[in-house]
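Accompanying notes for the structure given below.
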Amino acid sequence: MSRLRNEENRADNVKARLLVLDAMRYADSEGELAVQIACAAIETRLLGRSTRSFQVPARFEEKAGAFVTLNTHPDGELRGCIGYPQPFFPLAKAVEKAAEAAATDDPRFPPMRPDEWDRVTVEVSILTPPRLIEVKKPKEMPTHVTIGVDGLSIAQGPYRGILLPQVAVEENFDAADFLSQACMKAGLLADAWLDPATRVYTFQAEVFAEVDPRGPVVRRKMEAARAGH
C-alpha cells in the first residue's frame, strides 16, 4: 500500500512540475528571440560586430535563470555551456551574458575562434527557480527526480554543480545515475547525494535550439517526460 501511495505521490509531483513548466511556457517566437540574443552576443564578442539591439517582450525583462549551450555541427559535440541557475538577471541579460561566457569563458574548453562560429549551433535553456528536495531518508532522493522533467543543482559547502534536464535524456541516465553525475560535476564523490550535508535542487527548463548554424530554431521536447519515464 505504501509503495502505491509513493507512486501516486510521485505522479502528482511530476504533474505539478509540468504544470509549473506549462504556466511558464514561452512562445516559439520568444524562444527564437532568446536564441537570436545569444547569437548576437557571441558575434559581438567573437567577431567584433556592432552590438545589436532587440525589442523584447516584458517577460524578458523579468529575472530568470538561463543557460546557453554550444554544440559542434554536425557531430553535436559539446563546445561550451555556461549559465545562471538562479534568477539573478533579467532574462535577456542572462541569455546575453551566458552566451558570451559559453563561447569564451567555459574553463573546460579553449576560447572559441572566429572561424568556428559557422560550425556550432546555439541552444538556450530558460529555467524555473531551483526547488530544494527534502526527504527523510537520502536514499529516497531518486524517487523525487524525474528524467525528462527535472534538471539538478547540487550544493555542499563551496562545491556546486548543475546538469540541465536534457543531459539525463541524452545520456540515458536513470534518476540515481543523474544524481551521481551531478555530484561529480560539483567535484564531489558520486554518492555525495546520500550525504545529509548535500543539498539537491530540481528545476525545469524550456529549451530552444538551432537546427543548424544560424538556421531555424525549434523547441526541444523531452520525450521521456511525456512518456512518464
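Residues are named by chain letter and number: chains run A, B, ... in the order of the C-alpha cells, numbers start at 1 in each chain, and ligands are numbered from 1 in the order shown.
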*Just list the residues in stretch 18-207 of chain A DSSP gives alpha helix (DSSP H) on the backbone, as a PyMOL selection string.*
chain A and resi 18-24+28-47+91-104+165-171+175-185
Any chance you could list, as an mmCIF file with C-alpha atoms, in the first residue's frame, the residues in stretch 82-223 of chain A that come up strand (DSSP E or B) when DSSP is run on the backbone?
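Contents of the output file out18.cif:
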```
data_model
loop_
_atom_site.group_PDB
_atom_site.id
_atom_site.type_symbol
_atom_site.label_atom_id
_atom_site.label_comp_id
_atom_site.auth_asym_id
_atom_site.auth_seq_id
_atom_site.Cartn_x
_atom_site.Cartn_y
_atom_site.Cartn_z
ATOM 1 C CA ILE A 82 27.502 28.399 -19.163
ATOM 2 C CA GLY A 83 24.524 29.885 -17.390
ATOM 3 C CA TYR A 84 22.779 31.158 -14.312
ATOM 4 C CA PRO A 90 16.529 39.857 -16.379
ATOM 5 C CA VAL A 120 28.403 25.468 -33.933
ATOM 6 C CA THR A 121 24.732 25.553 -33.028
ATOM 7 C CA VAL A 122 23.267 27.615 -30.188
ATOM 8 C CA GLU A 123 20.808 26.302 -27.622
ATOM 9 C CA VAL A 124 19.082 28.376 -24.927
ATOM 10 C CA SER A 125 17.507 26.845 -21.816
ATOM 11 C CA ILE A 126 15.154 29.055 -19.799
ATOM 12 C CA LEU A 127 14.861 27.776 -16.239
ATOM 13 C CA ARG A 131 13.486 23.894 -5.631
ATOM 14 C CA LEU A 132 15.128 22.047 -2.723
ATOM 15 C CA GLY A 151 17.416 19.292 -14.014
ATOM 16 C CA LEU A 152 19.655 19.004 -10.941
ATOM 17 C CA SER A 153 21.626 21.542 -8.940
ATOM 18 C CA ILE A 154 23.972 20.213 -6.234
ATOM 19 C CA ALA A 155 25.469 22.195 -3.352
ATOM 20 C CA GLN A 156 27.732 21.143 -0.495
ATOM 21 C CA TYR A 159 31.069 22.824 -4.129
ATOM 22 C CA ARG A 160 28.450 23.476 -6.786
ATOM 23 C CA GLY A 161 27.314 21.561 -9.845
ATOM 24 C CA ILE A 162 24.390 21.683 -12.241
ATOM 25 C CA LEU A 163 23.083 19.455 -15.020
ATOM 26 C CA ARG A 199 21.579 19.978 -0.847
ATOM 27 C CA VAL A 200 19.897 18.786 -4.027
ATOM 28 C CA TYR A 201 17.629 21.081 -6.015
ATOM 29 C CA THR A 202 15.457 20.346 -9.023
ATOM 30 C CA PHE A 203 14.399 22.784 -11.708
ATOM 31 C CA ALA A 205 13.609 24.148 -18.412
ATOM 32 C CA GLU A 206 12.242 25.189 -21.759
ATOM 33 C CA VAL A 207 14.859 24.568 -24.416
ATOM 34 C CA PHE A 208 15.158 26.245 -27.809
ATOM 35 C CA ALA A 209 17.882 25.239 -30.258
ATOM 36 C CA GLU A 210 19.144 25.958 -33.752
ATOM 37 C CA VAL A 217 15.095 27.443 -34.148
ATOM 38 C CA VAL A 218 12.982 24.651 -32.671
ATOM 39 C CA ARG A 219 11.625 23.869 -29.225
ATOM 40 C CA ARG A 220 13.308 20.763 -27.879
#
```
*Please identify all polymer residues within 9 Å of A:Ser53, counting only C-alpha atoms, omitting same-chain residues fewer than 2 positions from it, and present them as a ChimeraX atom specification.*
/A:37,40,51,55
Considering only C-alpha atoms, tabulate each residue of stretch 40-95 of chain A that lies at most 9 Å from stretch 114-119 of chain A along with its nearest interatomic pair and the corresponding distance in Å to one decimal; arrange the rows by chain and ascending residue number and present them as a tab-separated table.
```
residue	atom	partner	partner_atom	distance
A:Ile42	CA	A:Trp117	CA	8.7
A:Glu43	CA	A:Trp117	CA	8.3
A:Leu46	CA	A:Pro114	CA	5.8
A:Leu47	CA	A:Pro114	CA	6.0
A:Asn71	CA	A:Arg119	CA	8.5
A:Thr72	CA	A:Arg119	CA	5.9
A:His73	CA	A:Arg119	CA	5.2
A:Pro74	CA	A:Arg119	CA	7.6
```
Would you save the residues from that selection as a PDB file, in the first residue's frame, using C-alpha atoms?
```
ATOM      1  CA  ILE A  42      28.571  35.878 -29.363  1.00  0.00           C
ATOM      2  CA  GLU A  43      29.041  37.702 -32.664  1.00  0.00           C
ATOM      3  CA  LEU A  46      33.836  36.840 -31.073  1.00  0.00           C
ATOM      4  CA  LEU A  47      33.643  38.707 -34.366  1.00  0.00           C
ATOM      5  CA  ASN A  71      27.431  22.243 -29.831  1.00  0.00           C
ATOM      6  CA  THR A  72      29.638  21.494 -32.807  1.00  0.00           C
ATOM      7  CA  HIS A  73      27.799  20.879 -36.072  1.00  0.00           C
ATOM      8  CA  PRO A  74      27.080  18.392 -37.488  1.00  0.00           C
TER       9      PRO A  74
END
```
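Closest approach to A:Lys137 among A:Gly80, A:Pro85, A:Pro165, A:Pro196: A:Pro196, based on only C-alpha atoms.
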*Name the residues in contact with A:Asp191 at a cut-off of 12 Å, using only C-alpha atoms, excluding same-chain residues fewer than 3 positions from it; report them as JSON, numbers by chain.*
{"A": [138, 139, 141, 142, 154, 176, 177, 178, 179, 180, 181, 182, 183, 184, 186, 187, 188, 194, 195, 196, 198]}
Export C-alpha atoms of the chosen residues as an mmCIF file, in the first residue's frame?
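So out.cif came out as:
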```cif
data_model
loop_
_atom_site.group_PDB
_atom_site.id
_atom_site.type_symbol
_atom_site.label_atom_id
_atom_site.label_comp_id
_atom_site.auth_asym_id
_atom_site.auth_seq_id
_atom_site.Cartn_x
_atom_site.Cartn_y
_atom_site.Cartn_z
ATOM 1 C CA PRO A 138 18.597 10.365 1.469
ATOM 2 C CA LYS A 139 18.128 7.029 -0.308
ATOM 3 C CA MET A 141 16.128 11.057 -3.302
ATOM 4 C CA PRO A 142 15.846 9.309 -6.713
ATOM 5 C CA ILE A 154 23.972 20.213 -6.234
ATOM 6 C CA ALA A 176 20.290 7.622 -9.383
ATOM 7 C CA ASP A 177 22.818 7.940 -12.235
ATOM 8 C CA PHE A 178 21.714 11.527 -12.796
ATOM 9 C CA LEU A 179 22.224 12.358 -9.113
ATOM 10 C CA SER A 180 25.687 10.783 -9.161
ATOM 11 C CA GLN A 181 26.713 12.624 -12.311
ATOM 12 C CA ALA A 182 25.517 15.938 -10.856
ATOM 13 C CA CYS A 183 27.581 15.294 -7.720
ATOM 14 C CA MET A 184 30.692 14.584 -9.772
ATOM 15 C CA ALA A 186 30.206 19.575 -8.476
ATOM 16 C CA GLY A 187 33.565 17.974 -7.694
ATOM 17 C CA LEU A 188 32.082 15.603 -5.111
ATOM 18 C CA LEU A 194 23.406 10.359 0.152
ATOM 19 C CA ASP A 195 25.203 12.780 2.494
ATOM 20 C CA PRO A 196 22.686 14.833 4.519
ATOM 21 C CA THR A 198 24.440 17.813 0.368
#
```
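For A:Glu140, the residues within 12 Å (counting only C-alpha atoms, excluding itself and residues fewer than 4 positions away along the chain) are Asn6, Arg10, Ile133, Glu134, Val135, Lys136, His144, Val145, Ala175, Ala176, Leu179, Trp193, Leu194 and Pro196 of chain A.
Taking atom CA of A:Ile147 and atom CA of A:Glu170 as the two end points, the separation is 10.4 Å.
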*Check the smallest atom-to-atom distance from each of A:Val211, A:Ala66, A:Ala192, A:Ala168 to A:Asp150 using only C-alpha atoms, then report the winner.*
A:Ala168
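For the set A:Leu164, A:Phe109, A:Val169, A:Lys185, the residue with the smallest atom-to-atom gap to A:Glu77 is A:Phe109, counting only C-alpha atoms.
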